[in-house]
file entry15.txt (compact mmCIF, C-alpha atoms and all ligand atoms)
# COMPACT_ATOMS: atom_id res chain seq x y z
CA MET A 24 75.09 107.00 126.41
CA LEU A 25 76.33 110.09 124.62
CA ASN A 26 73.75 112.16 122.81
CA ARG A 27 74.25 112.95 119.15
CA HIS A 28 75.81 116.34 119.80
CA GLU A 29 78.30 114.96 122.33
CA SER A 30 79.23 112.05 120.12
CA ARG A 31 79.83 114.38 117.17
CA GLU A 32 82.04 116.54 119.38
CA ALA A 33 84.02 113.47 120.46
CA THR A 34 84.46 112.40 116.83
CA GLY A 35 85.66 115.88 115.85
CA GLY A 36 88.15 115.84 118.72
CA GLU A 37 89.48 112.43 117.81
CA LEU A 38 89.83 113.31 114.11
CA HIS A 39 91.68 116.50 114.97
CA GLY A 40 93.90 114.57 117.38
CA LEU A 41 94.93 112.14 114.67
CA ILE A 42 95.68 115.01 112.28
CA ARG A 43 97.84 116.59 115.01
CA GLN A 44 99.81 113.36 115.38
CA LEU A 45 100.47 113.02 111.65
CA PHE A 46 101.08 116.70 110.92
CA PRO A 47 104.85 116.90 111.64
CA ILE A 48 105.77 113.91 109.44
CA CYS A 49 107.44 114.82 106.14
CA ARG A 50 105.47 112.73 103.66
CA SER A 51 106.29 112.67 99.98
CA MET A 52 105.44 110.59 96.92
CA THR A 53 107.70 107.85 98.30
CA GLY A 54 109.89 107.25 101.33
CA ASP A 55 109.91 106.86 105.08
CA GLY A 56 107.40 109.66 105.76
CA VAL A 57 104.70 107.62 104.02
CA ARG A 58 105.77 104.48 105.91
CA GLU A 59 105.71 106.25 109.25
CA THR A 60 102.25 107.67 108.50
CA LEU A 61 100.87 104.25 107.56
CA ALA A 62 102.46 102.73 110.69
CA ARG A 63 100.52 105.26 112.82
CA LEU A 64 97.30 104.30 111.04
CA GLN A 65 97.99 100.67 111.91
CA GLU A 66 97.28 101.61 115.54
CA PHE A 67 93.65 102.04 114.43
CA ILE A 68 93.16 99.49 111.65
CA PRO A 69 95.08 96.42 110.43
CA LEU A 70 96.41 98.10 107.32
CA GLU A 71 98.39 96.00 104.85
CA ILE A 72 101.51 97.76 103.55
CA HIS A 73 102.53 97.28 99.91
CA GLU A 74 105.95 98.19 98.48
CA VAL A 75 106.21 98.51 94.70
CA PRO A 76 109.84 98.62 93.44
CA THR A 77 111.31 101.60 91.62
CA GLY A 78 111.16 101.00 87.88
CA THR A 79 107.89 99.02 87.91
CA LYS A 80 105.80 99.93 84.89
CA VAL A 81 102.26 101.04 85.83
CA PHE A 82 100.12 101.91 82.81
CA ASP A 83 101.81 104.89 81.13
CA TRP A 84 104.02 105.60 84.18
CA VAL A 85 107.04 104.11 85.95
CA VAL A 86 107.43 103.92 89.74
CA PRO A 87 110.09 106.58 90.49
CA ALA A 88 113.22 106.47 92.65
CA GLU A 89 112.53 106.63 96.37
CA TRP A 90 113.14 109.98 98.06
CA ASN A 91 114.23 110.36 101.66
CA ILE A 92 115.23 113.47 103.54
CA ARG A 93 117.19 113.90 106.78
CA ASP A 94 117.93 117.61 106.91
CA ALA A 95 118.03 120.72 104.73
CA TYR A 96 118.88 124.35 105.33
CA VAL A 97 120.25 127.60 103.95
CA SER A 98 122.60 129.31 106.40
CA ASP A 99 124.33 132.68 106.24
CA GLY A 100 128.06 133.47 106.59
CA SER A 101 127.77 133.32 110.41
CA GLY A 102 126.19 129.86 110.31
CA ASN A 103 122.62 130.96 111.20
CA ARG A 104 120.01 128.80 109.53
CA ILE A 105 117.89 131.33 107.62
CA ILE A 106 115.71 128.67 105.99
CA ASP A 107 115.44 125.48 108.03
CA PHE A 108 113.65 122.26 107.08
CA LYS A 109 113.59 121.36 110.77
CA ALA A 110 111.37 124.39 111.49
CA SER A 111 108.86 123.44 108.76
CA ASN A 112 109.16 120.65 106.22
CA LEU A 113 107.42 122.93 103.68
CA HIS A 114 110.68 124.93 103.50
CA LEU A 115 112.23 122.34 101.21
CA VAL A 116 110.84 121.76 97.73
CA ASN A 117 109.50 118.22 98.23
CA GLY A 118 111.58 115.76 96.18
CA SER A 119 114.73 117.94 96.04
CA MET A 120 117.96 116.20 94.96
CA PRO A 121 120.95 116.29 97.34
CA VAL A 122 122.94 119.54 97.31
CA ARG A 123 125.94 120.87 99.26
CA GLY A 124 127.62 124.15 98.35
CA ARG A 125 128.06 127.90 98.72
CA PHE A 126 125.86 130.24 96.72
CA THR A 127 125.75 134.00 96.23
CA TRP A 128 122.34 135.68 96.60
CA ASP A 129 122.03 135.96 92.83
CA GLU A 130 122.77 132.27 92.41
CA LEU A 131 120.37 131.26 95.17
CA LYS A 132 117.43 133.51 94.19
CA PRO A 133 116.12 131.40 91.26
CA LYS A 134 115.83 128.41 93.65
CA LEU A 135 113.56 130.23 96.12
CA HIS A 136 109.74 130.23 96.09
CA THR A 137 107.42 132.66 97.91
CA ILE A 138 103.82 133.87 97.74
CA PRO A 139 104.06 137.67 97.34
CA SER A 140 100.33 138.10 98.04
CA MET A 141 100.60 136.19 101.37
CA PRO A 142 103.92 137.57 102.69
CA ASP A 143 104.02 135.49 105.90
CA ALA A 144 103.04 132.14 104.33
CA ILE A 145 105.39 129.40 103.08
CA PRO A 146 104.26 127.81 99.81
CA TYR A 147 104.21 124.03 99.24
CA ARG A 148 106.14 123.05 96.10
CA THR A 149 107.32 119.75 94.64
CA CYS A 150 109.82 118.72 91.98
CA PHE A 151 108.81 115.12 91.37
CA HIS A 152 109.76 113.38 88.13
CA LYS A 153 112.73 115.72 87.48
CA GLU A 154 116.14 116.28 89.09
CA ASP A 155 115.87 119.70 90.68
CA TRP A 156 115.91 121.38 94.08
CA GLY A 157 114.68 124.50 95.81
CA PHE A 158 113.49 126.14 99.02
CA CYS A 159 110.17 127.73 99.98
CA LEU A 160 110.00 130.67 102.35
CA SER A 161 107.84 133.59 103.34
CA GLN A 162 108.08 136.73 101.24
CA ASN A 163 109.07 138.52 104.48
CA THR A 164 112.15 136.32 104.96
CA TYR A 165 113.00 136.65 101.27
CA ASP A 166 112.83 140.46 101.49
CA ALA A 167 115.11 140.47 104.54
CA MET A 168 117.64 138.29 102.68
CA GLU A 169 117.56 140.62 99.72
CA GLN A 170 118.58 143.53 102.00
CA ARG A 171 121.87 141.81 102.89
CA ASP A 172 124.60 142.84 100.45
CA ASN A 173 127.33 140.43 99.45
CA GLU A 174 126.07 137.64 101.71
CA THR A 175 126.92 134.15 100.59
CA TYR A 176 124.90 131.20 101.71
CA GLU A 177 125.64 127.62 102.53
CA VAL A 178 123.06 125.25 101.08
CA VAL A 179 122.69 121.73 102.46
CA ILE A 180 120.09 119.24 101.26
CA ASP A 181 120.79 115.90 102.91
CA SER A 182 118.43 113.83 100.79
CA THR A 183 118.68 110.59 98.86
CA LEU A 184 116.99 109.75 95.61
CA GLU A 185 117.69 106.11 94.83
CA ASP A 186 116.17 102.76 93.93
CA GLY A 187 113.64 101.75 96.55
CA SER A 188 109.88 101.52 96.37
CA LEU A 189 106.56 103.29 96.35
CA THR A 190 104.57 102.54 99.51
CA TYR A 191 100.80 102.36 99.90
CA GLY A 192 98.43 100.97 102.51
CA GLU A 193 95.30 98.96 101.96
CA PHE A 194 92.63 97.53 104.25
CA THR A 195 89.86 95.22 103.08
CA LEU A 196 86.92 94.62 105.35
CA PRO A 197 84.75 91.74 104.13
CA GLY A 198 80.97 92.09 104.05
CA GLU A 199 78.08 89.78 103.20
CA THR A 200 78.79 90.19 99.47
CA ASP A 201 82.08 90.58 97.64
CA GLN A 202 80.76 93.73 95.97
CA GLU A 203 82.90 96.59 97.14
CA ILE A 204 82.82 100.18 98.25
CA LEU A 205 86.24 101.80 97.67
CA LEU A 206 87.36 104.70 99.83
CA TYR A 207 90.58 106.38 98.75
CA SER A 208 92.77 109.09 100.27
CA HIS A 209 96.08 110.49 99.10
CA ILE A 210 98.96 110.39 101.52
CA CYS A 211 101.85 112.27 99.88
CA HIS A 212 101.68 115.80 101.30
CA PRO A 213 104.00 116.90 104.14
CA SER A 214 102.69 119.25 106.87
CA LEU A 215 99.36 120.20 105.32
CA ALA A 216 96.33 119.54 107.50
CA ASN A 217 93.28 119.91 105.27
CA ASP A 218 94.96 118.65 102.12
CA ASN A 219 95.63 114.98 102.75
CA LEU A 220 95.46 114.70 106.57
CA SER A 221 91.71 115.42 106.85
CA GLY A 222 90.93 112.70 104.29
CA ILE A 223 93.40 110.25 105.85
CA SER A 224 91.99 110.67 109.36
CA ILE A 225 88.33 110.46 108.27
CA ALA A 226 89.01 107.34 106.19
CA THR A 227 90.88 105.72 109.09
CA LEU A 228 88.21 106.34 111.70
CA MET A 229 85.48 105.31 109.24
CA ALA A 230 87.33 102.03 108.65
CA ARG A 231 87.47 101.48 112.41
CA GLN A 232 83.74 102.28 112.75
CA LEU A 233 82.83 99.80 110.02
CA LEU A 234 85.16 97.22 111.55
CA ARG A 235 83.26 97.47 114.84
CA GLN A 236 79.88 97.22 113.11
CA SER A 237 78.31 93.76 113.44
CA ARG A 238 76.77 93.66 109.96
CA ARG A 239 77.98 95.02 106.62
CA ARG A 240 76.38 94.21 103.30
CA TYR A 241 79.28 95.51 101.21
CA THR A 242 82.96 94.66 101.37
CA TYR A 243 84.95 97.82 102.05
CA ARG A 244 88.35 98.59 100.61
CA PHE A 245 90.36 101.50 101.99
CA VAL A 246 93.41 102.64 100.02
CA PHE A 247 95.95 105.18 101.26
CA ALA A 248 98.39 106.00 98.46
CA PRO A 249 100.34 108.93 97.04
CA ALA A 250 98.33 111.09 94.65
CA THR A 251 98.44 110.33 90.91
CA ILE A 252 101.27 107.77 90.72
CA GLY A 253 99.95 105.93 93.81
CA ALA A 254 96.39 105.72 92.49
CA ILE A 255 97.71 104.67 89.08
CA THR A 256 99.94 102.03 90.69
CA TRP A 257 97.05 100.65 92.76
CA LEU A 258 94.76 100.55 89.71
CA ALA A 259 97.40 98.82 87.56
CA ARG A 260 97.97 96.15 90.21
CA ASN A 261 94.25 95.56 90.84
CA GLN A 262 92.86 95.86 87.34
CA SER A 263 91.36 92.36 87.33
CA GLN A 264 89.43 93.10 90.57
CA LEU A 265 87.95 96.44 89.61
CA HIS A 266 84.62 94.98 88.43
CA LYS A 267 83.76 94.30 92.08
CA ILE A 268 83.72 98.01 92.91
CA ARG A 269 80.11 99.13 92.97
CA HIS A 270 80.62 102.54 94.58
CA GLY A 271 83.54 104.68 95.64
CA LEU A 272 84.65 108.00 97.04
CA VAL A 273 87.86 109.97 96.98
CA LEU A 274 88.19 111.68 100.38
CA SER A 275 90.13 114.90 100.71
CA LEU A 276 89.88 118.50 101.98
CA LEU A 277 87.26 117.63 104.61
CA GLY A 278 88.24 119.89 107.51
CA ASP A 279 87.87 123.53 106.42
CA GLY A 280 84.93 125.75 107.33
CA GLY A 281 83.35 125.75 103.84
CA PRO A 282 80.19 123.90 102.83
CA ILE A 283 80.39 120.21 101.96
CA THR A 284 81.04 119.67 98.24
CA TYR A 285 80.19 116.47 96.43
CA LYS A 286 81.73 116.09 93.00
CA LYS A 287 79.87 113.58 90.88
CA SER A 288 81.34 110.52 89.26
CA ARG A 289 81.96 110.59 85.52
CA ILE A 290 79.13 108.02 85.26
CA SER A 291 76.35 110.54 85.73
CA ASN A 292 73.61 108.16 86.90
CA ALA A 293 75.91 106.26 89.31
CA ASP A 294 74.27 105.22 92.59
CA ILE A 295 76.97 107.04 94.53
CA ASN A 296 75.76 110.31 92.94
CA VAL A 297 72.19 109.48 93.97
CA ALA A 298 73.20 108.50 97.52
CA ALA A 299 75.26 111.67 98.05
CA ALA A 300 72.43 113.90 96.76
CA LEU A 301 69.78 112.10 98.82
CA PHE A 302 71.84 112.35 101.99
CA LEU A 303 72.88 115.98 101.56
CA GLU A 304 69.36 117.20 100.69
CA LYS A 305 68.04 115.98 104.03
CA SER A 306 71.19 116.53 106.11
CA GLY A 307 70.69 120.13 107.15
CA PHE A 308 74.34 120.76 106.18
CA GLU A 309 75.29 123.54 103.80
CA TYR A 310 76.40 121.82 100.61
CA SER A 311 76.88 122.00 96.87
CA ILE A 312 76.97 119.31 94.20
CA ARG A 313 79.26 119.63 91.20
CA GLU A 314 79.39 117.84 87.89
CA PHE A 315 82.39 115.67 87.08
CA GLU A 316 85.37 117.34 85.46
CA PRO A 317 88.81 115.81 84.83
CA PHE A 318 90.61 118.06 87.36
CA GLY A 319 91.08 117.81 91.10
CA TYR A 320 92.25 114.70 92.98
CA ASP A 321 92.47 111.05 92.08
CA GLU A 322 88.94 110.85 90.73
CA ARG A 323 90.99 111.75 87.61
CA GLN A 324 92.43 108.22 87.67
CA PHE A 325 89.36 106.33 88.92
CA CYS A 326 87.20 108.09 86.34
CA SER A 327 89.68 107.86 83.44
CA PRO A 328 87.93 106.35 80.38
CA GLY A 329 89.58 102.92 80.59
CA ILE A 330 88.81 102.55 84.32
CA ASN A 331 85.52 104.46 84.60
CA LEU A 332 84.55 103.48 88.13
CA PRO A 333 81.41 104.84 89.80
CA MET A 334 83.44 107.08 92.12
CA GLY A 335 82.73 110.60 93.29
CA CYS A 336 84.72 112.94 95.48
CA LEU A 337 83.64 114.12 98.91
CA MET A 338 85.27 117.33 100.12
CA ARG A 339 84.48 120.75 101.52
CA THR A 340 86.08 123.68 99.65
CA PRO A 341 87.61 122.25 96.44
CA SER A 342 91.35 122.41 95.75
CA GLY A 343 92.71 125.76 94.68
CA GLU A 344 89.54 127.59 95.79
CA PHE A 345 90.77 128.73 99.22
CA PRO A 346 93.84 130.94 99.74
CA GLU A 347 95.40 128.61 102.36
CA TYR A 348 95.56 125.78 99.77
CA HIS A 349 99.13 124.42 99.39
CA THR A 350 100.58 126.89 101.90
CA SER A 351 101.75 126.79 105.51
CA LYS A 352 98.35 128.34 106.41
CA ASP A 353 96.75 124.94 105.81
CA ASP A 354 97.69 124.12 109.37
CA LEU A 355 96.19 122.66 112.54
CA ASP A 356 94.07 125.77 113.16
CA PHE A 357 92.69 125.75 109.64
CA VAL A 358 90.97 122.39 110.14
CA LYS A 359 88.05 122.56 112.57
CA PRO A 360 86.90 119.64 114.72
CA GLU A 361 83.28 120.56 113.95
CA SER A 362 83.85 120.51 110.17
CA LEU A 363 85.69 117.21 110.45
CA ALA A 364 82.86 115.71 112.48
CA ASN A 365 80.23 116.91 110.00
CA SER A 366 82.23 115.53 107.08
CA PHE A 367 82.49 112.22 108.93
CA ALA A 368 78.72 112.26 109.53
CA ALA A 369 78.14 112.93 105.82
CA LEU A 370 80.36 110.01 104.80
CA SER A 371 78.66 107.79 107.34
CA GLY A 372 75.22 108.88 106.09
CA ILE A 373 76.07 108.22 102.44
CA ILE A 374 77.43 104.78 103.31
CA GLY A 375 74.28 104.12 105.35
CA LEU A 376 72.09 104.84 102.30
CA LEU A 377 74.16 102.56 100.08
CA GLU A 378 73.92 99.80 102.70
CA ALA A 379 70.13 100.22 103.04
CA ASP A 380 69.46 100.43 99.31
CA GLU A 381 68.02 97.37 97.65
CA ILE A 382 65.72 96.39 94.78
CA PHE A 383 62.49 94.62 95.72
CA ILE A 384 59.65 93.00 93.84
CA ASN A 385 55.95 93.41 94.62
CA LEU A 386 54.50 89.90 94.99
CA LYS A 387 50.88 91.04 94.43
CA PRO A 388 51.24 93.49 91.57
CA PHE A 389 47.75 93.02 90.07
CA GLY A 390 45.82 95.95 91.47
CA GLU A 391 46.60 97.15 94.97
CA PRO A 392 46.75 94.35 97.53
CA ARG A 393 44.21 94.55 100.38
CA LEU A 394 46.68 95.68 102.99
CA GLY A 395 44.39 95.04 105.97
CA LYS A 396 43.95 91.43 104.96
CA HIS A 397 47.71 90.88 105.14
CA GLY A 398 47.97 92.37 108.62
CA LEU A 399 49.91 95.40 107.48
CA TYR A 400 48.09 97.92 109.65
CA GLU A 401 48.04 95.93 112.86
CA SER A 402 51.40 96.86 114.29
CA MET A 403 51.61 100.28 112.69
CA PRO A 404 52.30 103.28 114.93
CA GLU A 405 49.17 105.31 115.81
CA ASN A 406 50.95 108.63 115.53
CA GLU A 407 51.48 111.54 113.17
CA ASN A 408 53.86 109.43 111.06
CA ARG A 409 51.07 107.03 110.16
CA LEU A 410 50.09 108.86 106.98
CA GLU A 411 53.68 109.18 105.78
CA PHE A 412 54.29 105.52 106.57
CA GLN A 413 51.21 104.59 104.58
CA GLN A 414 52.47 106.65 101.63
CA ALA A 415 55.86 104.97 101.93
CA VAL A 416 54.11 101.58 101.72
CA GLN A 417 52.22 102.69 98.56
CA TRP A 418 55.38 104.01 96.90
CA VAL A 419 57.38 100.87 97.69
CA LEU A 420 54.61 98.62 96.37
CA ASN A 421 54.11 100.69 93.25
CA LEU A 422 57.73 101.05 92.20
CA SER A 423 59.01 97.64 93.30
CA ASP A 424 58.78 96.24 89.80
CA GLY A 425 62.41 95.13 89.69
CA GLY A 426 63.51 98.32 87.95
CA HIS A 427 63.64 100.74 90.92
CA SER A 428 65.88 100.60 93.96
CA LEU A 429 64.85 102.13 97.27
CA MET A 430 67.10 105.10 96.48
CA ALA A 431 65.26 105.63 93.19
CA ILE A 432 61.95 105.45 95.09
CA ALA A 433 63.28 107.97 97.63
CA GLN A 434 64.22 110.34 94.81
CA ARG A 435 60.82 110.02 93.15
CA SER A 436 58.69 110.16 96.32
CA ASN A 437 60.77 112.59 98.37
CA ILE A 438 60.32 110.24 101.33
CA GLY A 439 63.49 109.51 103.30
CA LEU A 440 65.14 106.17 102.62
CA PRO A 441 65.05 105.00 106.27
CA LEU A 442 61.22 105.19 106.26
CA LEU A 443 61.01 103.45 102.88
CA ARG A 444 63.27 100.74 104.24
CA GLN A 445 60.98 100.36 107.27
CA ALA A 446 57.96 100.08 104.96
CA ALA A 447 59.76 97.50 102.82
CA ASP A 448 60.70 95.41 105.87
CA ARG A 449 57.08 95.51 107.04
CA LEU A 450 55.84 94.46 103.57
CA ILE A 451 58.34 91.60 103.50
CA ALA A 452 57.08 90.42 106.90
CA CYS A 453 53.52 90.40 105.48
CA GLY A 454 54.55 88.38 102.43
CA LEU A 455 53.81 91.20 99.98
CA LEU A 456 57.38 92.02 98.95
CA ALA A 457 60.58 90.11 98.33
CA PRO A 458 64.17 91.03 97.43
CA HIS A 459 64.67 91.09 93.67
CA LYS A 460 67.08 88.34 92.63
ZN ZN B 501 97.38 118.93 97.27
call {"tool": "encode", "arguments": {"input": "entry15.txt", "output": "structure tokens"}}
result
Amino acid sequence: MLNRHESREATGGELHGLIRQLFPICRSMTGDGVRETLARLQEFIPLEIHEVPTGTKVFDWVVPAEWNIRDAYVSDGSGNRIIDFKASNLHLVNGSMPVRGRFTWDELKPKLHTIPSMPDAIPYRTCFHKEDWGFCLSQNTYDAMEQRDNETYEVVIDSTLEDGSLTYGEFTLPGETDQEILLYSHICHPSLANDNLSGISIATLMARQLLRQSRRRYTYRFVFAPATIGAITWLARNQSQLHKIRHGLVLSLLGDGGPITYKKSRISNADINVAAALFLEKSGFEYSIREFEPFGYDERQFCSPGINLPMGCLMRTPSGEFPEYHTSKDDLDFVKPESLANSFAALSGIIGLLEADEIFINLKPFGEPRLGKHGLYESMPENENRLEFQQAVQWVLNLSDGGHSLMAIAQRSNIGLPLLRQAADRLIACGLLAPHK
């Protein structure tokens, strides 16, 4: 048997390995990069692939033309590729229309993007929903190009933008009830490790872990879709099923060295908010909890007023708050196996609380029951936990009036949910407590 430390190290290694495998693929809002990524995930879980045709109306949006890219470069008069998509897929503005032609420096300049404050980094840029093109490069390369007088450049973008489909993956894992926990990750960024790949790999390995588990109370639904339009497409196609979703999390940015951040659902008293807070308080991890705001990732869609699902967002450093965000510095070294493993443990812990949570009813609510008479003390441990266990029993009996779940009792009593659950199981065995119908 592995101890906890070794098993966390193994998880971190496996998560990082999956990120490494997926990193080179040029994903986009649509196209073969998304398909190839989902196909790799199918080696871990039996993901169902959905293709939604270009032109399909989804709420206020329309599924766009499908984009595919084979090659792209800017070469100088001697044929040297100065900017080469094959060296990094971030070099091409993601979604660029096909282009072939010769350009002077002055003509080319407006199509180039750099980050002057990070001169050796390549920015990540997109031009979805409009016909445009461009290249991203380091400020250093840009400066060197600017030194070359009268150079003309050959620009080739061998892309297609035509009718096709938007691709997303979905995996439903049935539980004892049809009430669902939804876990969502976006899958549309090219070679960026923390942004998209950390969430994708954690969701995938969590799905596999739950799949191997013998018992699950909830049904789990994992969705891997492009940001914004993908989430909107999924919601539009599943609108009649959304009432089954009891809890949910958007998973993204889970591999950097920052503290864990939980962003609350728009529904402020949602159980997922309680579960995340309860877990993080006792986890020993550095963390912060933020209120909902309509910015960030696809919690924007899941928490839009017409949808309003009880979904939060689990991440580490939020988007836009670290300099590597949307640059070539969000690479394989930026995501740490240890951070990935701790994020995975946090997700697992939060799910564990939701699974263990339940509402009970005290069957002898008139005065305190005589616990000795019902055999409650007989098999209790004679150790230092005895007093805490006894307090857990009193809290469960007192608040099990049908209006408090175990998580609510944990919040009120400051006793960990696992111990409360143990107390509840013991009380059920003694005939003093029953699940609330
Ligand atoms: Zn992003």
call {"tool": "atom_distance", "arguments": {"input": "entry15.txt", "atom1": "atom CA of A:Asp99", "atom2": "atom CA of A:Ile48"}}
result
26.6 Å
call {"tool": "residues_near_ligand", "arguments": {"input": "entry15.txt", "ligand": "ligand ZN 501 (chain B)", "cutoff": "10 Å", "atoms": "all atoms listed in the file", "output": "ChimeraX atom specification"}}
result
/A:147-148,209-213,215,217-219,250,275-276,319-320,342-343,348-350
call {"tool": "closest_residue", "arguments": {"input": "entry15.txt", "among": "A:Gly102, A:Pro146, A:Gly329, A:Gly426", "to": "A:Ser214", "atoms": "only C-alpha atoms"}}
result
A:Pro146
call {"tool": "closest_residue", "arguments": {"input": "entry15.txt", "among": "A:Phe308, A:Trp257, A:Phe194, A:Tyr241", "to": "A:Glu71", "atoms": "all atoms listed in the file"}}
result
A:Phe194
call {"tool": "residues_near_point", "arguments": {"input": "entry15.txt", "point": "(89.4, 105.3, 83.9)", "cutoff": "12 Å", "atoms": "all atoms listed in the file", "output": "list in words"}}
result
Phe82, Ala254, Ile255, Leu258, Ala259, Gln262, Leu265, Ser288, Arg289, Ile290, Pro317, Asp321, Glu322, Arg323, Gln324, Phe325, Cys326, Ser327, Pro328, Gly329, Ile330, Asn331, Leu332, Pro333 and Met334 of chain A
call {"tool": "closest_residue", "arguments": {"input": "entry15.txt", "among": "A:Cys336, A:Leu376, A:Ala431, A:Leu233", "to": "A:Asn292", "atoms": "all atoms listed in the file"}}
result
A:Ala431
call {"tool": "closest_residue", "arguments": {"input": "entry15.txt", "among": "A:His397, A:Arg238, A:Lys387, A:Lys305", "to": "A:Arg449", "atoms": "all atoms listed in the file"}}
result
A:His397
call {"tool": "closest_residue", "arguments": {"input": "entry15.txt", "among": "A:Leu274, A:Ala298, A:Ile68, A:Met168", "to": "A:Ser98", "atoms": "all atoms listed in the file"}}
result
A:Met168
call {"tool": "atom_distance", "arguments": {"input": "entry15.txt", "atom1": "atom CA of A:Ala446", "atom2": "atom CA of A:Ile384"}}
result
13.3 Å
call {"tool": "closest_residue", "arguments": {"input": "entry15.txt", "among": "A:Thr195, A:Arg260, A:Glu32, A:Cys150", "to": "A:Lys359", "atoms": "all atoms listed in the file"}}
result
A:Glu32
call {"tool": "axis_aligned_box", "arguments": {"input": "entry15.txt", "around": "stretch 418-429 of chain A", "padding_each_side": "3 Å", "output": "lines of an AutoDock Vina configuration file"}}
result
center_x = 60.0
center_y = 99.6
center_z = 92.8
size_x = 17.8
size_y = 14.9
size_z = 15.7
